[in-house]
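S.K.: Provided herewith is a single structure, encoded as structure tokens, for subsequent inquiry.
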Amino acid sequence: MTISLSQTCLPVCAAMLGHLSHLLDKARADAQARGFDANVHITERLSPDMLPFKNQIFIACDVVKNGVARVAGMDAPKFDDTESTIEELQARIQKTLTWLATVPASAIDGREDQSFTFPVGKTGSHTMRGQDYVTMWILPNMYFHITTAYNLLRLNGVPVGKRDYLMGANQG
């Protein structure tokens, strides 16, 4: 059986962003139960030279919307990176998921061997063929930033575990 590029990308990105939203729900519930403002998580970092929690959410959403848009030949929605509360980060995830649901599989499938050039860092760029771009750039970057957000919450006492990361609200 052959798996298409859209099957490799669209449902995985949607599921993982949904799980990320679930992690934010858990952070909000934990803060309420322990009597503090969940927004303290916004600026948390694992290391002084690392981007804060909110940027992990920004980038997880951006790598999905910008990468998928690039492969699909579509315009990605623009976000201003002004979110400063858990609720606003949740809204950003939802906007990304809503847009992602509009991407037709037919816009992605068949572009496995097409070359895509994309920005890397502040001044660089890189070119990869479509299948590699999805499987070795978009998905790993999304996982990295969602995992970093998970680790920040876990480090700060939010009771999240592997099931939350892998299954989100769909735990059964």
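Every chain in the structure tokens has a letter given in the order shown (A, B, ...), and although residue numbers restart at 1 in each chain, ligands are simply numbered from 1 in the order shown.
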Give me, as CSV, the closest atom pair and its distance (Å, one decimal) for every residue of region 99-153 of chain A within a cut-off of 8 Å of region 19-37 of chain A, counting only C-alpha atoms, rows sorted by chain and rising number.

M.R.:
```
residue,atom,partner,partner_atom,distance
A:Ile146,CA,A:Leu20,CA,6.4
A:Tyr150,CA,A:Leu23,CA,7.0
A:Leu153,CA,A:Ala27,CA,6.9
```

S.K.: Residues within 7 Å of Thr85 (chain A), please, as a count of residues only. Count only C-alpha atoms; anything in the same chain fewer than 3 positions from it doesn't count.

M.R.: 4

S.K.: Assign secondary structure with DSSP using the backbone only, and return the residues of chain A in strand (DSSP E or B) as a PyMOL selection string.

M.R.: chain A and resi 115-120+124-129

S.K.: Between A:Gly73, A:Phe144, A:Ala91, A:Leu155, which one has atoms that come closest to Gly130 (chain A), using only C-alpha atoms?

M.R.: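 Comparing A:Gly73, A:Phe144, A:Ala91, A:Leu155 against Gly130 (chain A), the winner is A:Gly73.
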
S.K.: Counting only C-alpha atoms, which residue out of A:Asn151, A:Ser6, A:Asn66, A:Thr82 sits closest to Leu46 (chain A)?

M.R.: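 Among A:Asn151, A:Ser6, A:Asn66, A:Thr82, it is A:Asn151 that comes nearest to Leu46 (chain A).
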
S.K.: Can you list, as a VMD selection string, every residue of region 48-158 of chain A that DSSP puts in alpha helix (DSSP H)?

M.R.: chain A and resid 53 to 72 86 to 100 105 to 108 130 to 133 139 to 155

S.K.: What would the file look like if the residues just selected were written as an mmCIF file, in the first residue's frame with C-alpha atoms?

M.R.:
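Printed below is again.cif as written:
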```
data_model
loop_
_atom_site.group_PDB
_atom_site.id
_atom_site.type_symbol
_atom_site.label_atom_id
_atom_site.label_comp_id
_atom_site.auth_asym_id
_atom_site.auth_seq_id
_atom_site.Cartn_x
_atom_site.Cartn_y
_atom_site.Cartn_z
ATOM 1 C CA PHE A 53 6.959 28.734 25.833
ATOM 2 C CA LYS A 54 4.761 31.043 23.750
ATOM 3 C CA ASN A 55 7.287 30.929 20.894
ATOM 4 C CA GLN A 56 7.172 27.143 20.936
ATOM 5 C CA ILE A 57 3.437 27.424 20.197
ATOM 6 C CA PHE A 58 4.006 30.119 17.555
ATOM 7 C CA ILE A 59 6.584 28.013 15.751
ATOM 8 C CA ALA A 60 4.644 24.739 15.975
ATOM 9 C CA CYS A 61 1.706 26.471 14.292
ATOM 10 C CA ASP A 62 3.871 28.364 11.800
ATOM 11 C CA VAL A 63 5.904 25.405 10.627
ATOM 12 C CA VAL A 64 2.653 23.572 9.899
ATOM 13 C CA LYS A 65 0.772 26.379 8.171
ATOM 14 C CA ASN A 66 3.742 27.780 6.259
ATOM 15 C CA GLY A 67 5.132 24.397 5.278
ATOM 16 C CA VAL A 68 1.826 22.920 4.193
ATOM 17 C CA ALA A 69 0.966 26.115 2.298
ATOM 18 C CA ARG A 70 4.315 26.013 0.502
ATOM 19 C CA VAL A 71 3.814 22.398 -0.598
ATOM 20 C CA ALA A 72 0.183 23.027 -1.556
ATOM 21 C CA ILE A 86 -2.979 30.732 27.197
ATOM 22 C CA GLU A 87 -6.385 31.581 25.707
ATOM 23 C CA GLU A 88 -4.778 33.525 22.867
ATOM 24 C CA LEU A 89 -2.364 30.665 22.192
ATOM 25 C CA GLN A 90 -5.336 28.300 22.111
ATOM 26 C CA ALA A 91 -6.996 30.584 19.561
ATOM 27 C CA ARG A 92 -3.859 30.515 17.415
ATOM 28 C CA ILE A 93 -3.828 26.721 17.434
ATOM 29 C CA GLN A 94 -7.516 26.683 16.496
ATOM 30 C CA LYS A 95 -6.968 29.183 13.643
ATOM 31 C CA THR A 96 -4.178 26.968 12.346
ATOM 32 C CA LEU A 97 -6.368 23.865 12.569
ATOM 33 C CA THR A 98 -9.266 25.636 10.864
ATOM 34 C CA TRP A 99 -7.017 26.713 7.995
ATOM 35 C CA LEU A 100 -5.380 23.283 7.760
ATOM 36 C CA ALA A 105 -5.237 16.654 -0.425
ATOM 37 C CA SER A 106 -5.091 17.153 -4.187
ATOM 38 C CA ALA A 107 -3.012 20.317 -3.679
ATOM 39 C CA ILE A 108 -0.281 18.289 -1.947
ATOM 40 C CA GLY A 130 8.500 17.704 -1.389
ATOM 41 C CA GLN A 131 8.536 14.317 0.308
ATOM 42 C CA ASP A 132 11.739 15.133 2.166
ATOM 43 C CA TYR A 133 10.486 18.599 3.073
ATOM 44 C CA LEU A 139 7.053 17.085 10.791
ATOM 45 C CA PRO A 140 10.295 16.991 12.828
ATOM 46 C CA ASN A 141 10.109 20.740 13.470
ATOM 47 C CA MET A 142 6.487 20.478 14.556
ATOM 48 C CA TYR A 143 7.345 17.592 16.894
ATOM 49 C CA PHE A 144 10.351 19.453 18.306
ATOM 50 C CA HIS A 145 8.364 22.544 19.290
ATOM 51 C CA ILE A 146 5.384 20.599 20.644
ATOM 52 C CA THR A 147 7.755 18.399 22.644
ATOM 53 C CA THR A 148 9.524 21.483 23.991
ATOM 54 C CA ALA A 149 6.182 22.980 25.066
ATOM 55 C CA TYR A 150 5.274 19.653 26.700
ATOM 56 C CA ASN A 151 8.621 19.562 28.531
ATOM 57 C CA LEU A 152 8.196 23.114 29.812
ATOM 58 C CA LEU A 153 4.782 22.279 31.225
ATOM 59 C CA ARG A 154 6.018 19.019 32.723
ATOM 60 C CA LEU A 155 9.063 20.738 34.254
#
```

S.K.: Of the candidates A:Glu83, A:Met1, A:Ser115, A:Cys9, which shows the shortest atom-to-atom distance to Ile138 (chain A), using only C-alpha atoms?

M.R.: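 Among A:Glu83, A:Met1, A:Ser115, A:Cys9, it is A:Cys9 that comes nearest to Ile138 (chain A).
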